[in-house]
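Okay, so here's the structure we're looking at.
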Amino acid sequence: MSQARLMDGTALARRIVEDTAERATGLTERTGTTPCLATVLVGEDPASVTYVRMKQNRCRKAGIASRHVELPAATTTEELVGTLQELSADPAVHGILLQHPMGAHIDERAAFEAIAPEKDVDGVTFASFATMSFGLPGFVSCTPGGIMRLLDEYDVEPSGKRAVIVGRSAILGKPAGMLLLARDATVTYCHSRTADLSAAVREADIVVAAVGRPKLITGQDIKPGAVVIDAGYNPGNIGDVDFDSAVERASLITPVPGGVGPMTIATLLEQTVEAAARQLGSVR
């Protein structure tokens, strides 16, 4: 069997950002208001600082204004909730991104729920999960949303396929499964307590690895011809899938980096402009 084709998230993300920039420019011209994304960072985790800076740079390229709020590591849940409520009430802010993870002392769910659903462009609130699950208008979690766009780009039709999600986080694993279910895939969630994980993965036509353990899934776990989406990111640019062995078995596979990562940011920017258009009453 020949090696898998690479699913180029970088190229697709570039096209999405170009389209988003064009839409942002048009929206600004029509309304006199530039779409604005507020990013909130608690503490000074180096990876988070870098990631937020990257998002701000991408905002500029997409014609989106960015407002960054830095809070000290000792910030309490109550203080963070207050900041997010203020941003939610500010008409000049159209989207809000709370960078995670936060300190262990913060109630992450309480913080997420302080974000107004109409500004939840990262798709992290209960409201966003519900609308996503029921196929109603709202905002999807960015990484799962980007994964679905990649599948569409490479003509992968989930209907009737067996999809295995390895990971059950509230902003990646769970919503990815719901989006695939909405497209008529038969979805199995696997996690740290799954008995014989390899056997479960070998049944999958579509594998989404999103557990945060480097090279957890190897080529021998992959059904020949399966589509492999590696949404894991570990130190050293290593995914959750052992790429070198999986590429010999899969039909399509995402690289790390350059696969899912760029799609996450592109989806965030696209949803920020959509949020601004809705709030400004200029949806097209």
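In the structure tokens, each chain is lettered A, B, ... as it comes, each chain's residues begin at 1, and ligands are numbered from 1 in order of appearance.
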
If you take only C-alpha atoms and a cut-off of 7 Å, which residues of range 232-270 of chain A touch range 13-30 of chain A, and what are their nearest atom pairs and distances in Å to one decimal, in chain and number order, as a tab-separated table?
residue	atom	partner	partner_atom	distance
A:Pro262	CA	A:Ala13	CA	5.8
A:Met263	CA	A:Ala13	CA	5.2
A:Ala266	CA	A:Ala13	CA	5.4
A:Glu270	CA	A:Thr20	CA	5.5

For C-alpha atoms, I'd like the residues from the last selection saved as a PDB file, in the first residue's frame.
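Generated output (again.pdb):
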ATOM      1  CA  PRO A 262      -3.535  26.222  11.491  1.00  0.00           C
ATOM      2  CA  MET A 263      -7.186  25.245  11.015  1.00  0.00           C
ATOM      3  CA  ALA A 266      -8.431  30.080  10.918  1.00  0.00           C
ATOM      4  CA  GLU A 270     -13.666  33.280  10.670  1.00  0.00           C
TER       5      GLU A 270
END

request  = Write down as a ChimeraX atom specification the residues belonging to range 49-270 of chain A that are assigned strand (DSSP E) by DSSP computed on the backbone.
outcome  = /A:65-71,95-98,162-166,186-190,206-209,227-230,252-253

Between A:Ala277, A:Val187, A:Ala182, A:Leu268, smallest distance to Val121 in chain A by only C-alpha atoms belongs to A:Leu268

Using only C-alpha atoms, find each residue of range 77-143 of chain A with at least one atom at most 10 Å away from an atom of range 35-59 of chain A; report its shortest atom-to-atom pair and that distance in Å (one decimal), sort the rows by chain and rising residue number, and return the result as a tab-separated table.
residue	atom	partner	partner_atom	distance
A:Leu80	CA	A:Val42	CA	8.3
A:Thr83	CA	A:Val40	CA	8.7
A:Leu84	CA	A:Val40	CA	8.2
A:Leu87	CA	A:Ala38	CA	7.6
A:Ser88	CA	A:Ala38	CA	9.7
A:Pro91	CA	A:Cys36	CA	9.7
A:Ala92	CA	A:Cys36	CA	6.9
A:Val93	CA	A:Cys36	CA	5.2
A:His94	CA	A:Cys36	CA	5.4
A:Gly95	CA	A:Leu37	CA	4.6
A:Ile96	CA	A:Ala38	CA	4.8
A:Leu97	CA	A:Thr39	CA	4.8
A:Leu98	CA	A:Val40	CA	4.8
A:Gln99	CA	A:Leu41	CA	5.4
A:His100	CA	A:Ser48	CA	7.5
A:Pro101	CA	A:Ser48	CA	8.2
A:Met102	CA	A:Val42	CA	6.3
A:Gly103	CA	A:Val42	CA	7.7
A:Ile106	CA	A:Val42	CA	9.7
A:Lys119	CA	A:Leu37	CA	9.0
A:Val121	CA	A:Leu37	CA	8.7

note - CA of Pro117 in chain A and CA of Ile165 in chain A are separated by 25.9 Å

- Message: Which residues are near range 107-112 of chain A? Cut-off 6 Å, only C-alpha atoms, ignore same chain within fewer than 3 positions. Put them as a VMD selection string.
- Response: chain A and resid 77 81 115 125

Write a file of the selected residues as a short mmCIF file (atom, residue, chain, number, x, y, z; two decimals), in the first residue's frame, keeping N, CA, C and O atoms.
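Okay, this is what ended up in result35.cif:
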data_model
loop_
_atom_site.label_atom_id
_atom_site.label_comp_id
_atom_site.auth_asym_id
_atom_site.auth_seq_id
_atom_site.Cartn_x
_atom_site.Cartn_y
_atom_site.Cartn_z
N THR A 77 -10.98 33.33 40.50
CA THR A 77 -12.09 33.03 39.59
C THR A 77 -13.03 34.21 39.50
O THR A 77 -13.47 34.60 38.40
N VAL A 81 -13.96 36.15 36.12
CA VAL A 81 -15.36 36.20 35.68
C VAL A 81 -15.79 37.65 35.46
O VAL A 81 -16.45 37.98 34.46
N ILE A 115 -18.59 34.12 29.48
CA ILE A 115 -18.52 34.65 28.11
C ILE A 115 -19.92 34.61 27.49
O ILE A 115 -20.57 33.57 27.49
N THR A 125 -18.54 27.47 25.60
CA THR A 125 -19.62 27.55 26.59
C THR A 125 -20.61 26.39 26.43
O THR A 125 -20.66 25.70 25.41
#

Between CA of Leu150 in chain A and CA of Gly123 in chain A, what is the distance in Å, rounded to a tenth?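 We find that CA of Leu150 in chain A and CA of Gly123 in chain A lie 18.0 Å from each other.
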
A:Met132, A:Cys142, A:Ala116, A:Ala185 ranked by distance to Ser159 in chain A, top pick (using only C-alpha atoms):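 Of A:Met132, A:Cys142, A:Ala116, A:Ala185, the one nearest Ser159 in chain A is A:Ala185, counting only C-alpha atoms.
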
If you count only C-alpha atoms, which residues fall within 12 Å of Asp184 in chain A, apart from same-chain ones fewer than 3 positions away, as a list of chain:residue names?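 The neighbour list is A:Glu157, A:Pro158, A:Ser159, A:Gly160, A:Lys161, A:Arg162, A:Ala163, A:Gly177, A:Met178, A:Leu179, A:Leu180, A:Leu181, A:Val187.
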
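In this structure, CA of Lys223 in chain A sits 10.2 Å away from CA of Ala200 in chain A.
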